[in-house]
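Trainee: Here you go, one structure.
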Amino acid sequence: MSKFKRVISYGVLIIATIISVFPFLWMIVSATNKSVDVTKGRLLPGSNLIENFQNLLETVNLVPALVNSAKVSISTTILALLIGSLAGYGFEIHRSKAKDIVFNILLLSMMIPFAALMVPLFRMFGSISQNAPFMGIDTLTAAVLPSITTAFLIFFFRQNTKMFPKDILEAGRIDGLSELGVFFKIYVPTMKTTYAAAAIITFMASWNNYLWPLVVLQSPENQTIPLLISNLGSSYSPDYGMIMTAIVIATLPAALIFFLMQKHFVAGMMGSVK
């Protein structure tokens with residue numbers, strides 16, 4: 001590559017990096033400024049961070065919202081990984097024409113927007129509320145259940161299982177392991193990078209989920225952090241400094257998990273098996 005082309009390439013990458021990072025920097029800087037400074041577009045850090053944080057704690061129930069989001073996200077991630085990996089493992093290891101047809105139907109379900117499913121889901125959980133109130137409308141369980149089986153995760157695990165060494169499975173069966181024993185003692189440890197990538201995707205999607213919790217979680221004590229931030233922004237005179245502080249706090253858990261597991265995430269997305 002010539003020197004001129006290298007300069008152009010690095011210049012384009014630098015511009016793309018600035019465009020990508022700027023919203024996050026502006027969010028952090030805005031969390032340190034007053035609302036009026038955020039409205040004016042101030043790009044320099046201020047000294048109002050502690051005051052914004054104190055106002056946030058006094059105005060809304062921040063900690064309960066974070067706890068609710070953590071409960072929903074962790075539960076969704078664990079259950080989705082278990083069900084998605086079991087299904088992907090079964091579709092790939094025990095293949096048949098009937099299973100391929102079912103798998104293709106699952107892939108077709110990815111084309112249905114979630115907004116089209118909200119009304120039947122709401123009616124279903126409304127009927128469940130009469131017999132099982134602990135998993136009906138306005139419960140965290142209702143916010144978790146629709147997200148624990150996704151066609152994407154099943155597809156993701158099946159595709160990664162294609163590169164799984166099948167000889168290891170046969171060796172486990174010869175040693176007397178049951179099919180579940182083979183799955184939990186051989187498949188799961190070997191596919192840890194795939195699980196890490198799927199865990200990051202699922203956790204971030206659940207943590208940032210807004211539409212379904214908005215519909216199903218009706219009481220203030222059950223609201224998650226996206227709902228809390230939305231309520232802050234819908235007031236008559238929103239305090240943008242306080243809102244930006246809440247957004248920074250809401251971003252930290254997902255960002256921390258991603259940075260801690262980014263190596264496994266890259267390996268899992270590339271389909272490597274270790």
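Chain labels run A, B, ... following the order of the structure tokens; each chain numbers its residues from 1, and ligands are numbered from 1 in the order shown.
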Give me the residues near A:Phe114 as an NGL selection string, where near means some atom within 10 Å (using only C-alpha atoms) and where sequence neighbours in that chain fewer than 5 positions away do not count.

Mentor: :A and (119 or 121 or 211-212)

Trainee: Using only C-alpha atoms, which residues sit within 7 Å of stretch 224-228 of chain A once same-chain residues fewer than 3 positions away are excluded, as an NGL selection string?

Mentor: :A and (65-66 or 68-69 or 208 or 210 or 214 or 231-232 or 250)

Trainee: Please produce an output containing N, CA and C atoms for each residue in the selection, written as a compact mmCIF listing (two decimals), in the first residue's frame.

Mentor:
# COMPACT_ATOMS: atom_id res chain seq x y z
N ALA A 65 -35.06 0.34 40.16
CA ALA A 65 -35.13 0.17 38.70
C ALA A 65 -33.92 -0.61 38.19
N LEU A 66 -32.73 -0.31 38.74
CA LEU A 66 -31.53 -1.05 38.35
C LEU A 66 -31.64 -2.51 38.77
N ASN A 68 -34.42 -4.24 39.20
CA ASN A 68 -35.39 -4.88 38.31
C ASN A 68 -34.78 -5.22 36.96
N SER A 69 -34.01 -4.29 36.40
CA SER A 69 -33.36 -4.55 35.12
C SER A 69 -32.36 -5.69 35.24
N ASN A 208 -31.55 -3.30 27.51
CA ASN A 208 -32.03 -2.11 26.79
C ASN A 208 -33.46 -2.26 26.30
N TYR A 210 -37.21 -1.99 25.81
CA TYR A 210 -38.12 -0.93 26.25
C TYR A 210 -39.59 -1.24 25.92
N LEU A 214 -42.61 -1.79 28.69
CA LEU A 214 -43.54 -0.66 28.73
C LEU A 214 -44.98 -1.14 28.72
N ASN A 231 -39.50 8.07 31.52
CA ASN A 231 -40.37 8.91 32.36
C ASN A 231 -39.69 10.24 32.69
N LEU A 232 -38.38 10.21 32.89
CA LEU A 232 -37.67 11.45 33.16
C LEU A 232 -37.76 12.41 31.98
N ALA A 250 -27.05 3.82 33.43
CA ALA A 250 -27.70 2.69 32.77
C ALA A 250 -26.78 2.03 31.75

Trainee: Which one of A:Pro189, A:Pro133, A:Pro64, A:Gly88 sits closest to A:Asn222 if you count only C-alpha atoms?

Mentor: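 Among A:Pro189, A:Pro133, A:Pro64, A:Gly88, it is A:Pro64 that comes nearest to A:Asn222.
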
Trainee: Fewer than 5 positions away in the same chain doesn't count, so skip those; otherwise give me all residues within 12 Å of stretch 127-132 of chain A, counting only C-alpha atoms, as JSON, numbers by chain.

Mentor: {"A": [120, 121, 122, 137, 138, 139, 141, 142, 216]}

Trainee: Create the file for the chosen residues now, containing N, CA and C atoms and written as a PDB file, in the first residue's frame.

Mentor:
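Final output, saved to result.pdb:
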ATOM      1  N   PRO A 120     -51.409 -10.178  21.033  1.00  0.00           N
ATOM      2  CA  PRO A 120     -51.684 -11.550  21.491  1.00  0.00           C
ATOM      3  C   PRO A 120     -50.902 -11.938  22.740  1.00  0.00           C
ATOM      4  N   LEU A 121     -49.668 -11.448  22.867  1.00  0.00           N
ATOM      5  CA  LEU A 121     -48.901 -11.739  24.075  1.00  0.00           C
ATOM      6  C   LEU A 121     -49.556 -11.111  25.311  1.00  0.00           C
ATOM      7  N   PHE A 122     -49.987  -9.870  25.163  1.00  0.00           N
ATOM      8  CA  PHE A 122     -50.622  -9.195  26.295  1.00  0.00           C
ATOM      9  C   PHE A 122     -51.908  -9.917  26.703  1.00  0.00           C
ATOM     10  N   ILE A 137     -49.667 -10.241  34.079  1.00  0.00           N
ATOM     11  CA  ILE A 137     -49.409  -8.829  33.800  1.00  0.00           C
ATOM     12  C   ILE A 137     -48.828  -8.146  35.041  1.00  0.00           C
ATOM     13  N   ASP A 138     -47.887  -7.228  34.807  1.00  0.00           N
ATOM     14  CA  ASP A 138     -47.241  -6.439  35.864  1.00  0.00           C
ATOM     15  C   ASP A 138     -46.384  -7.298  36.780  1.00  0.00           C
ATOM     16  N   THR A 139     -45.710  -8.295  36.218  1.00  0.00           N
ATOM     17  CA  THR A 139     -44.723  -9.081  36.952  1.00  0.00           C
ATOM     18  C   THR A 139     -43.446  -9.139  36.129  1.00  0.00           C
ATOM     19  N   THR A 141     -41.667 -11.670  35.761  1.00  0.00           N
ATOM     20  CA  THR A 141     -41.678 -12.933  35.020  1.00  0.00           C
ATOM     21  C   THR A 141     -42.256 -12.744  33.622  1.00  0.00           C
ATOM     22  N   ALA A 142     -43.304 -11.952  33.520  1.00  0.00           N
ATOM     23  CA  ALA A 142     -43.918 -11.687  32.222  1.00  0.00           C
ATOM     24  C   ALA A 142     -42.968 -10.916  31.308  1.00  0.00           C
ATOM     25  N   VAL A 216     -46.096  -4.400  29.555  1.00  0.00           N
ATOM     26  CA  VAL A 216     -46.479  -5.405  30.550  1.00  0.00           C
ATOM     27  C   VAL A 216     -46.220  -4.959  31.991  1.00  0.00           C
TER      28      VAL A 216
END

Trainee: Have a look at atom CA of A:Ala70 and atom CA of A:Leu82 and let me know their distance in Å, one decimal.

Mentor: 18.2 Å

Trainee: Tell me, as a ChimeraX atom specification, which residues lie within 9 Å of A:Pro45, counting only C-alpha atoms; anything in the same chain fewer than 2 positions away does not count.

Mentor: /A:28-33,42-43,47-48

Trainee: Include N, CA and C atoms and write out the residues we just selected as a compact mmCIF listing (two decimals), in the first residue's frame.

Mentor:
# COMPACT_ATOMS: atom_id res chain seq x y z
N ILE A 28 -21.37 11.70 28.43
CA ILE A 28 -20.61 11.80 29.69
C ILE A 28 -20.40 13.26 30.10
N VAL A 29 -20.03 14.09 29.12
CA VAL A 29 -19.83 15.52 29.40
C VAL A 29 -21.13 16.17 29.85
N SER A 30 -22.23 15.83 29.21
CA SER A 30 -23.53 16.42 29.56
C SER A 30 -23.96 16.04 30.97
N ALA A 31 -23.54 14.86 31.43
CA ALA A 31 -23.89 14.44 32.79
C ALA A 31 -23.21 15.30 33.85
N THR A 32 -22.18 16.05 33.46
CA THR A 32 -21.48 16.92 34.42
C THR A 32 -21.96 18.36 34.36
N ASN A 33 -22.90 18.65 33.46
CA ASN A 33 -23.36 20.03 33.27
C ASN A 33 -24.80 20.21 33.73
N ARG A 42 -23.23 22.65 25.26
CA ARG A 42 -21.91 22.81 25.85
C ARG A 42 -21.13 21.51 25.73
N LEU A 43 -19.89 21.58 25.25
CA LEU A 43 -19.06 20.40 25.03
C LEU A 43 -17.91 20.29 26.01
N SER A 47 -19.12 21.00 36.53
CA SER A 47 -18.91 20.58 37.92
C SER A 47 -20.24 20.22 38.58
N ASN A 48 -21.21 19.78 37.79
CA ASN A 48 -22.55 19.54 38.31
C ASN A 48 -22.90 18.06 38.42

Trainee: Using only C-alpha atoms, which residue out of A:Ala115, A:Val182, A:Val72, A:Leu107 lies closest to A:Leu145?

Mentor: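 So, comparing all the options, the nearest one is A:Val72.
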
Trainee: Go through A:Tyr240, A:Ser2, A:Ser235, A:Ser147 and flag the residue nearest A:Thr77, using only C-alpha atoms for the distances.

Mentor: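 Looking at the shortest contact to A:Thr77, the residue is A:Ser147.
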
Trainee: List every residue of stretch 45-142 of chain A that DSSP, applied to the backbone, labels as alpha helix (DSSP H), and write the result as a ChimeraX atom specification.

Mentor: /A:49-59,62-93,97-109,118-131,140-142

Trainee: Just give me the gap between atom CA of A:Ile14 and atom CA of A:Thr245 in Å, one decimal is fine.

Mentor: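 Taking atom CA of A:Ile14 and atom CA of A:Thr245, their separation equals 27.6 Å.
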
Trainee: I want to know what sits within 12 Å of A:Gly172, based on only C-alpha atoms, with residues of the same chain fewer than 5 positions away left out; could you give that as an mmCIF file with C-alpha atoms, in the first residue's frame?

Mentor:
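Dumped to out16.cif:
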data_model
loop_
_atom_site.group_PDB
_atom_site.id
_atom_site.type_symbol
_atom_site.label_atom_id
_atom_site.label_comp_id
_atom_site.auth_asym_id
_atom_site.auth_seq_id
_atom_site.Cartn_x
_atom_site.Cartn_y
_atom_site.Cartn_z
ATOM 1 C CA PRO A 165 -15.724 -31.899 16.688
ATOM 2 C CA LYS A 166 -18.284 -34.730 16.614
ATOM 3 C CA ASP A 167 -15.665 -37.343 17.575
ATOM 4 C CA LEU A 177 -22.433 -40.581 29.315
ATOM 5 C CA SER A 178 -26.107 -39.889 28.697
ATOM 6 C CA GLU A 179 -27.117 -37.354 26.044
ATOM 7 C CA LEU A 180 -27.575 -34.679 28.719
ATOM 8 C CA GLY A 181 -24.226 -35.686 30.229
ATOM 9 C CA VAL A 182 -22.560 -35.272 26.846
ATOM 10 C CA PHE A 183 -24.197 -31.875 26.453
ATOM 11 C CA PHE A 184 -23.319 -30.440 29.881
ATOM 12 C CA LYS A 185 -19.901 -32.091 30.402
ATOM 13 C CA ILE A 186 -18.486 -31.931 26.873
ATOM 14 C CA TYR A 187 -20.454 -29.547 24.650
#

Trainee: Using only C-alpha atoms, tabulate the residues of stretch 153-223 of chain A lying at most 10 Å from any atom of stretch 99-104 of chain A, each with its closest atom pair and that distance in Å to one decimal, by chain and increasing residue number, as a Markdown table.

Mentor:
| residue | atom | partner | partner_atom | distance |
| --- | --- | --- | --- | --- |
| A:Ile154 | CA | A:Phe103 | CA | 8.8 |
| A:Phe155 | CA | A:Phe103 | CA | 8.3 |
| A:Arg158 | CA | A:Phe103 | CA | 9.9 |

Trainee: Kindly save the residues from that selection, with C-alpha atoms included, as a PDB file, in the first residue's frame.

Mentor:
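Produced file out28.pdb, reproduced below:
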ATOM      1  CA  ILE A 154     -31.073 -21.170  18.091  1.00  0.00           C
ATOM      2  CA  PHE A 155     -29.657 -20.308  14.659  1.00  0.00           C
ATOM      3  CA  ARG A 158     -26.637 -24.361  15.425  1.00  0.00           C
TER       4      ARG A 158
END

Trainee: In Å, how far is it from atom CA of A:Thr59 to atom CA of A:Val36?

Mentor: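 Answer for the atom CA of A:Thr59 to atom CA of A:Val36 separation: 18.4 Å.
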
Trainee: Excluding A:Leu256 and its own-chain neighbours fewer than 6 positions away, which residues fall within 12 Å of it when counting only C-alpha atoms? Please give them as a list in words.

Mentor: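 Neighbouring residues, sequence-local ones excluded: Ile200, Phe203, Met204, Val248, Ile249, Ala250 and Gln262 of chain A.
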
Trainee: Could the residues in this selection be saved with N, CA and C atoms as a short mmCIF file (atom, residue, chain, number, x, y, z; two decimals), in the first residue's frame?

Mentor:
data_model
loop_
_atom_site.label_atom_id
_atom_site.label_comp_id
_atom_site.auth_asym_id
_atom_site.auth_seq_id
_atom_site.Cartn_x
_atom_site.Cartn_y
_atom_site.Cartn_z
N ILE A 200 -23.48 -11.95 25.85
CA ILE A 200 -23.36 -10.49 25.68
C ILE A 200 -24.52 -9.95 24.85
N PHE A 203 -27.85 -10.31 26.96
CA PHE A 203 -27.90 -9.41 28.11
C PHE A 203 -28.13 -7.98 27.67
N MET A 204 -27.39 -7.54 26.65
CA MET A 204 -27.53 -6.15 26.20
C MET A 204 -28.92 -5.90 25.62
N VAL A 248 -25.90 7.52 31.68
CA VAL A 248 -24.54 7.03 31.94
C VAL A 248 -24.56 5.84 32.89
N ILE A 249 -25.34 5.96 33.97
CA ILE A 249 -25.45 4.87 34.94
C ILE A 249 -26.05 3.63 34.28
N ALA A 250 -27.05 3.82 33.43
CA ALA A 250 -27.70 2.69 32.77
C ALA A 250 -26.78 2.03 31.75
N GLN A 262 -14.97 -9.16 25.78
CA GLN A 262 -14.89 -8.84 24.36
C GLN A 262 -14.03 -9.84 23.58
#

Trainee: Looking at only C-alpha atoms, which of A:Ala116, A:Gly241, A:Ser230, A:Leu106 is the one that sits closest to A:Gly41?

Mentor: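 The answer is A:Gly241, which sits nearest to A:Gly41.
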
Trainee: Go through A:Val144, A:Val63, A:Ala199, A:Ile229 and flag the residue nearest A:Ala246, using only C-alpha atoms for the distances.

Mentor: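 Ranking A:Val144, A:Val63, A:Ala199, A:Ile229 by distance to A:Ala246, first place goes to A:Ile229.
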